[in-house]
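The structure under discussion appears below in the form of structure tokens.
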Amino acid sequence: MILVIDDDSAVRESLGLMLKVARMDYNAVGNADAALAAIRAGGVDLVILDMNLRQVTDGRDGIELLRKIKILQPEVPVILISAWGTIPLAVEGMNFGAMDFVSKPWSNRDLLAKIRKAIVKPEPQKPPTLEDMERQAIIQALRNSNGNMRQAAEELGITRQSLYRRIEKFGL
């Protein structure tokens with residue numbers, strides 16, 4: 001679920017519509033207390049956080065809330081969004097763990113690309129098979145011996161004939 005945090009209901013509705021059209025599950029809240037309650041409840045995959053949650057436009061609200069989110073859920077990616085953003089503010093947000101910064105008004109296409117990039121979970125890598133490890137050991141032994149079959153076989157603890165058979169088996 002994507003958590004949208006913005007004090008402006010029009011922005012919440014606009015981001016919500018964009019996410020709905022993109023078939024993404026979301027929850028939109030308008031203040032820090034509701035945001036922290038949602039974070040504590042769990043199930044948040046990404047946060048889109050407005051930097052100014054009151055009439056003040058210095059971004060301190062967003063930075064403070066970002067720090068609290070990162071304490072509660074350090075692995076949750078956060079995209080900062082602001083109409084009053086400055087480079088120093090964006091840098092400060094990144095230093096506190098935000099993954100990106102978007103200026104209002106935003107491009108739906110660009111923001112959706114950033115969201116998709118943030119929520120893509122890498123596929124777990126399968127462990128190498130014994131055959132993979134044997135192939136790599138042979139390649140490494142051949143490199144270490146500069147292609148000298150006798151030295152490579154000695155390094156591997158096998159006969160040269162066994163090494164030749166394995167080279168043929170692995171197509172090396």
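In the structure tokens, chains take the letters A, B, ... in the order shown, each chain's residues start at 1, and ligands count up from 1 in the order shown.
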Going by DSSP on the backbone, which residues of stretch 109-171 of chain A come out as alpha helix (DSSP H)? List them as an mmCIF file with all heavy atoms, in the first residue's frame.
data_model
loop_
_atom_site.group_PDB
_atom_site.id
_atom_site.type_symbol
_atom_site.label_atom_id
_atom_site.label_comp_id
_atom_site.auth_asym_id
_atom_site.auth_seq_id
_atom_site.Cartn_x
_atom_site.Cartn_y
_atom_site.Cartn_z
ATOM 1 N N ARG A 109 3.470 10.693 -15.228
ATOM 2 C CA ARG A 109 4.320 9.649 -15.819
ATOM 3 C C ARG A 109 5.627 9.505 -15.052
ATOM 4 O O ARG A 109 6.033 8.396 -14.696
ATOM 5 C CB ARG A 109 4.582 9.957 -17.296
ATOM 6 C CG ARG A 109 5.294 8.802 -18.011
ATOM 7 C CD ARG A 109 5.663 9.140 -19.442
ATOM 8 N NE ARG A 109 6.854 9.984 -19.402
ATOM 9 C CZ ARG A 109 7.021 11.100 -20.094
ATOM 10 N NH1 ARG A 109 6.101 11.517 -20.914
ATOM 11 N NH2 ARG A 109 8.123 11.790 -19.987
ATOM 12 N N ASP A 110 6.279 10.621 -14.760
ATOM 13 C CA ASP A 110 7.553 10.574 -14.049
ATOM 14 C C ASP A 110 7.377 10.091 -12.612
ATOM 15 O O ASP A 110 8.166 9.280 -12.124
ATOM 16 C CB ASP A 110 8.231 11.951 -14.054
ATOM 17 C CG ASP A 110 8.675 12.379 -15.445
ATOM 18 O OD1 ASP A 110 8.754 11.511 -16.349
ATOM 19 O OD2 ASP A 110 8.944 13.579 -15.634
ATOM 20 N N LEU A 111 6.345 10.569 -11.950
ATOM 21 C CA LEU A 111 6.117 10.147 -10.571
ATOM 22 C C LEU A 111 5.782 8.661 -10.504
ATOM 23 O O LEU A 111 6.291 7.941 -9.639
ATOM 24 C CB LEU A 111 5.009 10.984 -9.923
ATOM 25 C CG LEU A 111 4.695 10.665 -8.459
ATOM 26 C CD1 LEU A 111 5.947 10.732 -7.580
ATOM 27 C CD2 LEU A 111 3.618 11.610 -7.943
ATOM 28 N N LEU A 112 4.962 8.173 -11.412
ATOM 29 C CA LEU A 112 4.644 6.738 -11.430
ATOM 30 C C LEU A 112 5.886 5.893 -11.690
ATOM 31 O O LEU A 112 6.040 4.820 -11.103
ATOM 32 C CB LEU A 112 3.563 6.437 -12.466
ATOM 33 C CG LEU A 112 2.138 6.784 -12.043
ATOM 34 C CD1 LEU A 112 1.182 6.650 -13.228
ATOM 35 C CD2 LEU A 112 1.683 5.916 -10.870
ATOM 36 N N ALA A 113 6.771 6.380 -12.546
ATOM 37 C CA ALA A 113 8.023 5.649 -12.798
ATOM 38 C C ALA A 113 8.852 5.568 -11.518
ATOM 39 O O ALA A 113 9.422 4.518 -11.200
ATOM 40 C CB ALA A 113 8.815 6.324 -13.915
ATOM 41 N N LYS A 114 8.918 6.666 -10.777
ATOM 42 C CA LYS A 114 9.665 6.671 -9.520
ATOM 43 C C LYS A 114 9.009 5.747 -8.493
ATOM 44 O O LYS A 114 9.696 5.040 -7.761
ATOM 45 C CB LYS A 114 9.763 8.097 -8.971
ATOM 46 C CG LYS A 114 10.665 8.971 -9.802
ATOM 47 C CD LYS A 114 10.667 10.399 -9.313
ATOM 48 C CE LYS A 114 11.500 11.242 -10.284
ATOM 49 N NZ LYS A 114 12.178 12.326 -9.652
ATOM 50 N N ILE A 115 7.697 5.738 -8.459
ATOM 51 C CA ILE A 115 6.974 4.864 -7.529
ATOM 52 C C ILE A 115 7.243 3.404 -7.865
ATOM 53 O O ILE A 115 7.558 2.599 -6.990
ATOM 54 C CB ILE A 115 5.462 5.174 -7.570
ATOM 55 C CG1 ILE A 115 5.187 6.541 -6.935
ATOM 56 C CG2 ILE A 115 4.663 4.069 -6.885
ATOM 57 C CD1 ILE A 115 3.775 7.059 -7.168
ATOM 58 N N ARG A 116 7.125 3.061 -9.136
ATOM 59 C CA ARG A 116 7.351 1.665 -9.546
ATOM 60 C C ARG A 116 8.774 1.228 -9.235
ATOM 61 O O ARG A 116 9.006 0.106 -8.784
ATOM 62 C CB ARG A 116 7.029 1.491 -11.021
ATOM 63 C CG ARG A 116 5.545 1.514 -11.293
ATOM 64 C CD ARG A 116 5.208 1.225 -12.754
ATOM 65 N NE ARG A 116 3.781 1.207 -12.958
ATOM 66 C CZ ARG A 116 3.099 2.166 -13.561
ATOM 67 N NH1 ARG A 116 3.721 3.218 -14.078
ATOM 68 N NH2 ARG A 116 1.796 2.084 -13.688
ATOM 69 N N LYS A 117 9.716 2.109 -9.483
ATOM 70 C CA LYS A 117 11.120 1.795 -9.185
ATOM 71 C C LYS A 117 11.307 1.549 -7.686
ATOM 72 O O LYS A 117 12.035 0.653 -7.281
ATOM 73 C CB LYS A 117 12.022 2.933 -9.648
ATOM 74 C CG LYS A 117 13.485 2.716 -9.384
ATOM 75 C CD LYS A 117 14.310 3.882 -9.859
ATOM 76 C CE LYS A 117 15.769 3.693 -9.479
ATOM 77 N NZ LYS A 117 16.555 4.879 -9.765
ATOM 78 N N ALA A 118 10.625 2.335 -6.873
ATOM 79 C CA ALA A 118 10.775 2.233 -5.422
ATOM 80 C C ALA A 118 10.151 0.972 -4.846
ATOM 81 O O ALA A 118 10.658 0.423 -3.870
ATOM 82 C CB ALA A 118 10.164 3.464 -4.749
ATOM 83 N N ILE A 119 9.048 0.510 -5.434
ATOM 84 C CA ILE A 119 8.348 -0.621 -4.827
ATOM 85 C C ILE A 119 8.668 -1.967 -5.460
ATOM 86 O O ILE A 119 8.192 -2.987 -4.979
ATOM 87 C CB ILE A 119 6.817 -0.397 -4.794
ATOM 88 C CG1 ILE A 119 6.237 -0.229 -6.189
ATOM 89 C CG2 ILE A 119 6.464 0.764 -3.912
ATOM 90 C CD1 ILE A 119 4.726 -0.081 -6.224
ATOM 91 N N LEU A 130 25.857 -27.081 -7.366
ATOM 92 C CA LEU A 130 27.211 -27.643 -7.266
ATOM 93 C C LEU A 130 27.904 -27.609 -8.625
ATOM 94 O O LEU A 130 29.105 -27.345 -8.719
ATOM 95 C CB LEU A 130 27.153 -29.079 -6.735
ATOM 96 C CG LEU A 130 26.845 -29.223 -5.256
ATOM 97 C CD1 LEU A 130 26.678 -30.689 -4.884
ATOM 98 C CD2 LEU A 130 27.926 -28.587 -4.415
ATOM 99 N N GLU A 131 27.118 -27.836 -9.675
ATOM 100 C CA GLU A 131 27.669 -27.800 -11.024
ATOM 101 C C GLU A 131 28.176 -26.388 -11.364
ATOM 102 O O GLU A 131 29.247 -26.227 -11.952
ATOM 103 C CB GLU A 131 26.607 -28.256 -12.024
ATOM 104 C CG GLU A 131 27.175 -28.704 -13.345
ATOM 105 C CD GLU A 131 26.123 -29.411 -14.187
ATOM 106 O OE1 GLU A 131 25.410 -28.696 -14.918
ATOM 107 O OE2 GLU A 131 26.053 -30.646 -14.111
ATOM 108 N N ASP A 132 27.402 -25.361 -10.977
ATOM 109 C CA ASP A 132 27.833 -23.974 -11.199
ATOM 110 C C ASP A 132 29.142 -23.688 -10.463
ATOM 111 O O ASP A 132 30.051 -23.063 -11.001
ATOM 112 C CB ASP A 132 26.769 -22.975 -10.703
ATOM 113 C CG ASP A 132 25.480 -23.020 -11.493
ATOM 114 O OD1 ASP A 132 25.510 -23.460 -12.668
ATOM 115 O OD2 ASP A 132 24.446 -22.611 -10.935
ATOM 116 N N MET A 133 29.215 -24.147 -9.208
ATOM 117 C CA MET A 133 30.420 -23.898 -8.415
ATOM 118 C C MET A 133 31.625 -24.642 -8.983
ATOM 119 O O MET A 133 32.733 -24.104 -9.012
ATOM 120 C CB MET A 133 30.183 -24.276 -6.952
ATOM 121 C CG MET A 133 29.171 -23.350 -6.279
ATOM 122 S SD MET A 133 29.003 -23.534 -4.500
ATOM 123 C CE MET A 133 28.441 -25.198 -4.330
ATOM 124 N N GLU A 134 31.396 -25.867 -9.472
ATOM 125 C CA GLU A 134 32.487 -26.635 -10.070
ATOM 126 C C GLU A 134 32.995 -25.938 -11.332
ATOM 127 O O GLU A 134 34.199 -25.799 -11.541
ATOM 128 C CB GLU A 134 32.011 -28.053 -10.406
ATOM 129 C CG GLU A 134 33.104 -28.921 -11.017
ATOM 130 C CD GLU A 134 32.627 -30.311 -11.400
ATOM 131 O OE1 GLU A 134 31.400 -30.521 -11.552
ATOM 132 O OE2 GLU A 134 33.500 -31.184 -11.567
ATOM 133 N N ARG A 135 32.070 -25.478 -12.159
ATOM 134 C CA ARG A 135 32.449 -24.760 -13.385
ATOM 135 C C ARG A 135 33.276 -23.523 -13.054
ATOM 136 O O ARG A 135 34.312 -23.279 -13.662
ATOM 137 C CB ARG A 135 31.186 -24.362 -14.155
ATOM 138 C CG ARG A 135 31.443 -23.694 -15.480
ATOM 139 C CD ARG A 135 30.105 -23.401 -16.206
ATOM 140 N NE ARG A 135 30.307 -23.093 -17.581
ATOM 141 C CZ ARG A 135 30.665 -21.897 -18.043
ATOM 142 N NH1 ARG A 135 30.862 -20.919 -17.203
ATOM 143 N NH2 ARG A 135 30.834 -21.694 -19.330
ATOM 144 N N GLN A 136 32.833 -22.745 -12.059
ATOM 145 C CA GLN A 136 33.571 -21.537 -11.675
ATOM 146 C C GLN A 136 34.944 -21.877 -11.108
ATOM 147 O O GLN A 136 35.918 -21.161 -11.361
ATOM 148 C CB GLN A 136 32.767 -20.708 -10.661
ATOM 149 C CG GLN A 136 31.591 -19.998 -11.275
ATOM 150 C CD GLN A 136 32.015 -19.006 -12.353
ATOM 151 O OE1 GLN A 136 32.986 -19.161 -13.065
ATOM 152 N NE2 GLN A 136 31.265 -17.949 -12.486
ATOM 153 N N ALA A 137 35.046 -22.966 -10.337
ATOM 154 C CA ALA A 137 36.337 -23.379 -9.771
ATOM 155 C C ALA A 137 37.316 -23.755 -10.886
ATOM 156 O O ALA A 137 38.504 -23.408 -10.824
ATOM 157 C CB ALA A 137 36.142 -24.544 -8.802
ATOM 158 N N ILE A 138 36.806 -24.432 -11.907
ATOM 159 C CA ILE A 138 37.664 -24.814 -13.039
ATOM 160 C C ILE A 138 38.122 -23.569 -13.798
ATOM 161 O O ILE A 138 39.306 -23.433 -14.133
ATOM 162 C CB ILE A 138 36.933 -25.812 -13.970
ATOM 163 C CG1 ILE A 138 36.763 -27.145 -13.246
ATOM 164 C CG2 ILE A 138 37.672 -25.984 -15.289
ATOM 165 C CD1 ILE A 138 35.834 -28.112 -13.927
ATOM 166 N N ILE A 139 37.211 -22.664 -14.059
ATOM 167 C CA ILE A 139 37.570 -21.416 -14.751
ATOM 168 C C ILE A 139 38.631 -20.660 -13.958
ATOM 169 O O ILE A 139 39.629 -20.191 -14.515
ATOM 170 C CB ILE A 139 36.318 -20.543 -14.989
ATOM 171 C CG1 ILE A 139 35.413 -21.194 -16.039
ATOM 172 C CG2 ILE A 139 36.705 -19.125 -15.395
ATOM 173 C CD1 ILE A 139 34.042 -20.556 -16.169
ATOM 174 N N GLN A 140 38.434 -20.559 -12.646
ATOM 175 C CA GLN A 140 39.393 -19.827 -11.812
ATOM 176 C C GLN A 140 40.750 -20.520 -11.797
ATOM 177 O O GLN A 140 41.796 -19.858 -11.888
ATOM 178 C CB GLN A 140 38.863 -19.676 -10.377
ATOM 179 C CG GLN A 140 39.677 -18.734 -9.529
ATOM 180 C CD GLN A 140 39.731 -17.327 -10.114
ATOM 181 O OE1 GLN A 140 38.715 -16.761 -10.474
ATOM 182 N NE2 GLN A 140 40.930 -16.765 -10.221
ATOM 183 N N ALA A 141 40.765 -21.846 -11.703
ATOM 184 C CA ALA A 141 42.036 -22.581 -11.706
ATOM 185 C C ALA A 141 42.764 -22.403 -13.035
ATOM 186 O O ALA A 141 43.998 -22.240 -13.055
ATOM 187 C CB ALA A 141 41.779 -24.063 -11.428
ATOM 188 N N LEU A 142 42.023 -22.407 -14.141
ATOM 189 C CA LEU A 142 42.644 -22.190 -15.453
ATOM 190 C C LEU A 142 43.208 -20.773 -15.554
ATOM 191 O O LEU A 142 44.290 -20.565 -16.120
ATOM 192 C CB LEU A 142 41.638 -22.465 -16.574
ATOM 193 C CG LEU A 142 41.266 -23.938 -16.779
ATOM 194 C CD1 LEU A 142 40.073 -24.077 -17.699
ATOM 195 C CD2 LEU A 142 42.475 -24.711 -17.317
ATOM 196 N N ARG A 143 42.515 -19.798 -15.004
ATOM 197 C CA ARG A 143 43.031 -18.422 -15.003
ATOM 198 C C ARG A 143 44.284 -18.313 -14.150
ATOM 199 O O ARG A 143 45.260 -17.678 -14.541
ATOM 200 C CB ARG A 143 41.972 -17.457 -14.473
ATOM 201 C CG ARG A 143 40.880 -17.156 -15.448
ATOM 202 C CD ARG A 143 39.919 -16.116 -14.908
ATOM 203 N NE ARG A 143 38.815 -15.925 -15.828
ATOM 204 C CZ ARG A 143 37.579 -15.653 -15.464
ATOM 205 N NH1 ARG A 143 37.271 -15.510 -14.189
ATOM 206 N NH2 ARG A 143 36.635 -15.516 -16.364
ATOM 207 N N ASN A 144 44.220 -18.917 -12.965
ATOM 208 C CA ASN A 144 45.367 -18.842 -12.052
ATOM 209 C C ASN A 144 46.616 -19.472 -12.648
ATOM 210 O O ASN A 144 47.736 -19.033 -12.348
ATOM 211 C CB ASN A 144 45.043 -19.523 -10.715
ATOM 212 C CG ASN A 144 43.980 -18.792 -9.928
ATOM 213 O OD1 ASN A 144 43.648 -17.645 -10.222
ATOM 214 N ND2 ASN A 144 43.424 -19.458 -8.928
ATOM 215 N N MET A 149 47.334 -26.816 -17.994
ATOM 216 C CA MET A 149 46.418 -27.866 -17.539
ATOM 217 C C MET A 149 46.978 -28.623 -16.331
ATOM 218 O O MET A 149 46.230 -28.956 -15.419
ATOM 219 C CB MET A 149 46.125 -28.862 -18.671
ATOM 220 C CG MET A 149 45.434 -28.233 -19.850
ATOM 221 S SD MET A 149 43.822 -27.642 -19.366
ATOM 222 C CE MET A 149 43.149 -27.256 -20.932
ATOM 223 N N ARG A 150 48.260 -28.889 -16.305
ATOM 224 C CA ARG A 150 48.850 -29.621 -15.188
ATOM 225 C C ARG A 150 48.695 -28.830 -13.897
ATOM 226 O O ARG A 150 48.255 -29.363 -12.882
ATOM 227 C CB ARG A 150 50.332 -29.917 -15.468
ATOM 228 C CG ARG A 150 51.014 -30.749 -14.375
ATOM 229 C CD ARG A 150 52.510 -30.908 -14.593
ATOM 230 N NE ARG A 150 53.221 -29.636 -14.702
ATOM 231 C CZ ARG A 150 53.504 -28.830 -13.653
ATOM 232 N NH1 ARG A 150 53.125 -29.159 -12.445
ATOM 233 N NH2 ARG A 150 54.158 -27.708 -13.848
ATOM 234 N N GLN A 151 49.031 -27.529 -13.949
ATOM 235 C CA GLN A 151 48.929 -26.685 -12.750
ATOM 236 C C GLN A 151 47.466 -26.529 -12.312
ATOM 237 O O GLN A 151 47.163 -26.559 -11.113
ATOM 238 C CB GLN A 151 49.527 -25.307 -13.006
ATOM 239 C CG GLN A 151 51.039 -25.292 -13.069
ATOM 240 C CD GLN A 151 51.585 -23.891 -13.368
ATOM 241 O OE1 GLN A 151 50.818 -22.987 -13.728
ATOM 242 N NE2 GLN A 151 52.889 -23.729 -13.240
ATOM 243 N N ALA A 152 46.577 -26.353 -13.269
ATOM 244 C CA ALA A 152 45.153 -26.205 -12.937
ATOM 245 C C ALA A 152 44.625 -27.473 -12.279
ATOM 246 O O ALA A 152 43.901 -27.404 -11.274
ATOM 247 C CB ALA A 152 44.343 -25.879 -14.191
ATOM 248 N N ALA A 153 45.005 -28.653 -12.822
ATOM 249 C CA ALA A 153 44.567 -29.924 -12.243
ATOM 250 C C ALA A 153 45.118 -30.077 -10.827
ATOM 251 O O ALA A 153 44.393 -30.511 -9.920
ATOM 252 C CB ALA A 153 45.003 -31.090 -13.127
ATOM 253 N N GLU A 154 46.362 -29.698 -10.627
ATOM 254 C CA GLU A 154 46.954 -29.775 -9.285
ATOM 255 C C GLU A 154 46.214 -28.857 -8.311
ATOM 256 O O GLU A 154 45.928 -29.242 -7.172
ATOM 257 C CB GLU A 154 48.432 -29.381 -9.333
ATOM 258 C CG GLU A 154 49.340 -30.451 -9.886
ATOM 259 C CD GLU A 154 50.800 -30.005 -9.964
ATOM 260 O OE1 GLU A 154 51.153 -28.974 -9.351
ATOM 261 O OE2 GLU A 154 51.571 -30.692 -10.641
ATOM 262 N N GLU A 155 45.918 -27.635 -8.752
ATOM 263 C CA GLU A 155 45.200 -26.689 -7.895
ATOM 264 C C GLU A 155 43.834 -27.242 -7.494
ATOM 265 O O GLU A 155 43.382 -27.054 -6.364
ATOM 266 C CB GLU A 155 45.033 -25.349 -8.611
ATOM 267 C CG GLU A 155 44.352 -24.288 -7.771
ATOM 268 C CD GLU A 155 44.217 -22.950 -8.484
ATOM 269 O OE1 GLU A 155 45.096 -22.570 -9.271
ATOM 270 O OE2 GLU A 155 43.203 -22.286 -8.228
ATOM 271 N N LEU A 156 43.184 -27.931 -8.425
ATOM 272 C CA LEU A 156 41.852 -28.487 -8.161
ATOM 273 C C LEU A 156 41.905 -29.829 -7.423
ATOM 274 O O LEU A 156 40.881 -30.295 -6.930
ATOM 275 C CB LEU A 156 41.085 -28.662 -9.476
ATOM 276 C CG LEU A 156 40.711 -27.362 -10.197
ATOM 277 C CD1 LEU A 156 40.287 -27.643 -11.624
ATOM 278 C CD2 LEU A 156 39.619 -26.629 -9.425
ATOM 279 N N ARG A 160 44.782 -34.650 -14.720
ATOM 280 C CA ARG A 160 44.587 -33.882 -15.953
ATOM 281 C C ARG A 160 43.457 -34.469 -16.780
ATOM 282 O O ARG A 160 42.678 -33.741 -17.385
ATOM 283 C CB ARG A 160 45.886 -33.832 -16.778
ATOM 284 C CG ARG A 160 46.882 -32.843 -16.234
ATOM 285 C CD ARG A 160 48.043 -32.622 -17.160
ATOM 286 N NE ARG A 160 48.639 -33.910 -17.512
ATOM 287 C CZ ARG A 160 49.433 -34.116 -18.548
ATOM 288 N NH1 ARG A 160 49.748 -33.116 -19.335
ATOM 289 N NH2 ARG A 160 49.939 -35.292 -18.807
ATOM 290 N N GLN A 161 43.335 -35.808 -16.803
ATOM 291 C CA GLN A 161 42.259 -36.440 -17.563
ATOM 292 C C GLN A 161 40.894 -36.012 -17.013
ATOM 293 O O GLN A 161 39.972 -35.732 -17.781
ATOM 294 C CB GLN A 161 42.382 -37.979 -17.517
ATOM 295 C CG GLN A 161 43.504 -38.541 -18.376
ATOM 296 C CD GLN A 161 44.895 -38.260 -17.777
ATOM 297 O OE1 GLN A 161 45.049 -38.119 -16.558
ATOM 298 N NE2 GLN A 161 45.889 -38.157 -18.635
ATOM 299 N N SER A 162 40.753 -35.949 -15.679
ATOM 300 C CA SER A 162 39.494 -35.484 -15.074
ATOM 301 C C SER A 162 39.227 -34.038 -15.459
ATOM 302 O O SER A 162 38.084 -33.657 -15.745
ATOM 303 C CB SER A 162 39.542 -35.610 -13.552
ATOM 304 O OG SER A 162 39.548 -36.950 -13.162
ATOM 305 N N LEU A 163 40.290 -33.228 -15.466
ATOM 306 C CA LEU A 163 40.137 -31.821 -15.850
ATOM 307 C C LEU A 163 39.675 -31.715 -17.296
ATOM 308 O O LEU A 163 38.764 -30.951 -17.597
ATOM 309 C CB LEU A 163 41.444 -31.057 -15.642
ATOM 310 C CG LEU A 163 41.439 -29.581 -16.060
ATOM 311 C CD1 LEU A 163 40.363 -28.804 -15.298
ATOM 312 C CD2 LEU A 163 42.808 -28.959 -15.834
ATOM 313 N N TYR A 164 40.286 -32.517 -18.204
ATOM 314 C CA TYR A 164 39.875 -32.488 -19.611
ATOM 315 C C TYR A 164 38.392 -32.867 -19.764
ATOM 316 O O TYR A 164 37.652 -32.254 -20.536
ATOM 317 C CB TYR A 164 40.744 -33.430 -20.460
ATOM 318 C CG TYR A 164 42.144 -32.912 -20.720
ATOM 319 C CD1 TYR A 164 43.257 -33.672 -20.375
ATOM 320 C CD2 TYR A 164 42.347 -31.672 -21.317
ATOM 321 C CE1 TYR A 164 44.532 -33.207 -20.614
ATOM 322 C CE2 TYR A 164 43.631 -31.205 -21.561
ATOM 323 C CZ TYR A 164 44.727 -31.971 -21.198
ATOM 324 O OH TYR A 164 45.984 -31.495 -21.434
ATOM 325 N N ARG A 165 37.959 -33.908 -19.015
ATOM 326 C CA ARG A 165 36.552 -34.340 -19.101
ATOM 327 C C ARG A 165 35.612 -33.220 -18.624
ATOM 328 O O ARG A 165 34.569 -32.969 -19.232
ATOM 329 C CB ARG A 165 36.323 -35.606 -18.287
ATOM 330 C CG ARG A 165 36.803 -36.881 -18.979
ATOM 331 C CD ARG A 165 36.263 -38.141 -18.306
ATOM 332 N NE ARG A 165 36.640 -38.263 -16.897
ATOM 333 C CZ ARG A 165 37.796 -38.798 -16.463
ATOM 334 N NH1 ARG A 165 38.678 -39.264 -17.319
ATOM 335 N NH2 ARG A 165 38.042 -38.866 -15.169
ATOM 336 N N ARG A 166 35.998 -32.552 -17.555
ATOM 337 C CA ARG A 166 35.141 -31.484 -17.025
ATOM 338 C C ARG A 166 35.125 -30.268 -17.968
ATOM 339 O O ARG A 166 34.094 -29.625 -18.133
ATOM 340 C CB ARG A 166 35.601 -31.097 -15.625
ATOM 341 C CG ARG A 166 35.207 -32.149 -14.593
ATOM 342 C CD ARG A 166 35.709 -31.799 -13.213
ATOM 343 N NE ARG A 166 35.185 -32.664 -12.185
ATOM 344 C CZ ARG A 166 35.723 -33.843 -11.843
ATOM 345 N NH1 ARG A 166 36.788 -34.300 -12.492
ATOM 346 N NH2 ARG A 166 35.178 -34.563 -10.898
ATOM 347 N N ILE A 167 36.262 -29.977 -18.570
ATOM 348 C CA ILE A 167 36.315 -28.884 -19.554
ATOM 349 C C ILE A 167 35.374 -29.181 -20.705
ATOM 350 O O ILE A 167 34.615 -28.326 -21.169
ATOM 351 C CB ILE A 167 37.762 -28.653 -20.043
ATOM 352 C CG1 ILE A 167 38.580 -27.994 -18.927
ATOM 353 C CG2 ILE A 167 37.787 -27.804 -21.307
ATOM 354 C CD1 ILE A 167 40.075 -27.868 -19.249
ATOM 355 N N GLU A 168 35.379 -30.417 -21.158
ATOM 356 C CA GLU A 168 34.483 -30.831 -22.247
ATOM 357 C C GLU A 168 33.031 -30.779 -21.787
ATOM 358 O O GLU A 168 32.150 -30.278 -22.489
ATOM 359 C CB GLU A 168 34.833 -32.247 -22.708
ATOM 360 C CG GLU A 168 34.071 -32.664 -23.949
ATOM 361 C CD GLU A 168 34.514 -34.030 -24.448
ATOM 362 O OE1 GLU A 168 35.707 -34.330 -24.422
ATOM 363 O OE2 GLU A 168 33.618 -34.791 -24.861
ATOM 364 N N LYS A 169 32.777 -31.245 -20.571
ATOM 365 C CA LYS A 169 31.417 -31.256 -20.013
ATOM 366 C C LYS A 169 30.833 -29.858 -19.953
ATOM 367 O O LYS A 169 29.655 -29.632 -20.281
ATOM 368 C CB LYS A 169 31.442 -31.860 -18.610
ATOM 369 C CG LYS A 169 30.144 -31.780 -17.844
ATOM 370 C CD LYS A 169 30.305 -32.326 -16.437
ATOM 371 C CE LYS A 169 29.079 -32.084 -15.608
ATOM 372 N NZ LYS A 169 29.258 -32.549 -14.217
ATOM 373 N N PHE A 170 31.636 -28.863 -19.537
ATOM 374 C CA PHE A 170 31.162 -27.495 -19.368
ATOM 375 C C PHE A 170 31.350 -26.659 -20.627
ATOM 376 O O PHE A 170 30.970 -25.476 -20.655
ATOM 377 C CB PHE A 170 31.848 -26.830 -18.184
ATOM 378 C CG PHE A 170 31.504 -27.453 -16.856
ATOM 379 C CD1 PHE A 170 32.473 -27.998 -16.049
ATOM 380 C CD2 PHE A 170 30.177 -27.503 -16.443
ATOM 381 C CE1 PHE A 170 32.155 -28.554 -14.834
ATOM 382 C CE2 PHE A 170 29.854 -28.070 -15.221
ATOM 383 C CZ PHE A 170 30.840 -28.612 -14.416
#
### Task
Please identify all polymer residues within 12 Å of A:Arg12, counting only C-alpha atoms, omitting same-chain residues fewer than 3 positions from it, and present them as a list of chain:residue names.
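Using only C-alpha atoms, the neighbours found are A:Ile2, A:Leu3, A:Val4, A:Ile5, A:Asp6, A:Asp7, A:Asp8, A:Ser9, A:Leu15, A:Gly16, A:Leu17, A:Met18, A:Leu19, A:Lys20, A:Tyr26, A:Asn27, A:Ala28, A:Val29, A:Gly30, A:Asn31, A:Ile48, A:Leu49, A:Asp50, A:Ile81.
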### Query
So which one's closest to A:Leu66, A:Gln125, A:Lys104, A:Gly43, A:Val78? Using only C-alpha atoms, please.
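Selected residue with least distance to A:Leu66: A:Val78.
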### Task
Do a neighbour search on stretch 39-41 of chain A at 9 Å with only C-alpha atoms, toss out local chain neighbours closer than 3 positions, and write the hits as a PyMOL selection string.
chain A and resi 3+34-36+44+69+72-73
Would you mind exporting N, CA and C atoms of the selected residues as a compact mmCIF listing (two decimals), in the first residue's frame?
# COMPACT_ATOMS: atom_id res chain seq x y z
N LEU A 3 1.27 5.10 0.98
CA LEU A 3 0.71 6.08 1.91
C LEU A 3 1.01 7.48 1.40
N ALA A 34 -2.06 11.02 11.78
CA ALA A 34 -2.68 9.97 10.97
C ALA A 34 -1.62 9.19 10.20
N ALA A 35 -0.59 9.89 9.74
CA ALA A 35 0.50 9.23 9.00
C ALA A 35 1.24 8.24 9.89
N LEU A 36 1.57 8.66 11.11
CA LEU A 36 2.29 7.78 12.02
C LEU A 36 1.43 6.60 12.43
N VAL A 44 2.69 -0.70 4.76
CA VAL A 44 3.05 0.42 3.88
C VAL A 44 4.27 0.02 3.06
N ILE A 69 9.27 8.49 10.53
CA ILE A 69 8.94 7.34 9.68
C ILE A 69 10.13 6.40 9.59
N LEU A 72 10.50 4.34 12.71
CA LEU A 72 9.48 3.29 12.84
C LEU A 72 9.61 2.21 11.77
N GLN A 73 9.88 2.62 10.52
CA GLN A 73 9.96 1.67 9.40
C GLN A 73 11.13 2.07 8.49
### Message
Let's see if you can do this: from backbone DSSP, list all strand (DSSP E) residues in stretch 23-149 of chain A, as a ChimeraX atom specification.
### Response
/A:26-29,46-50,78-82,100-103
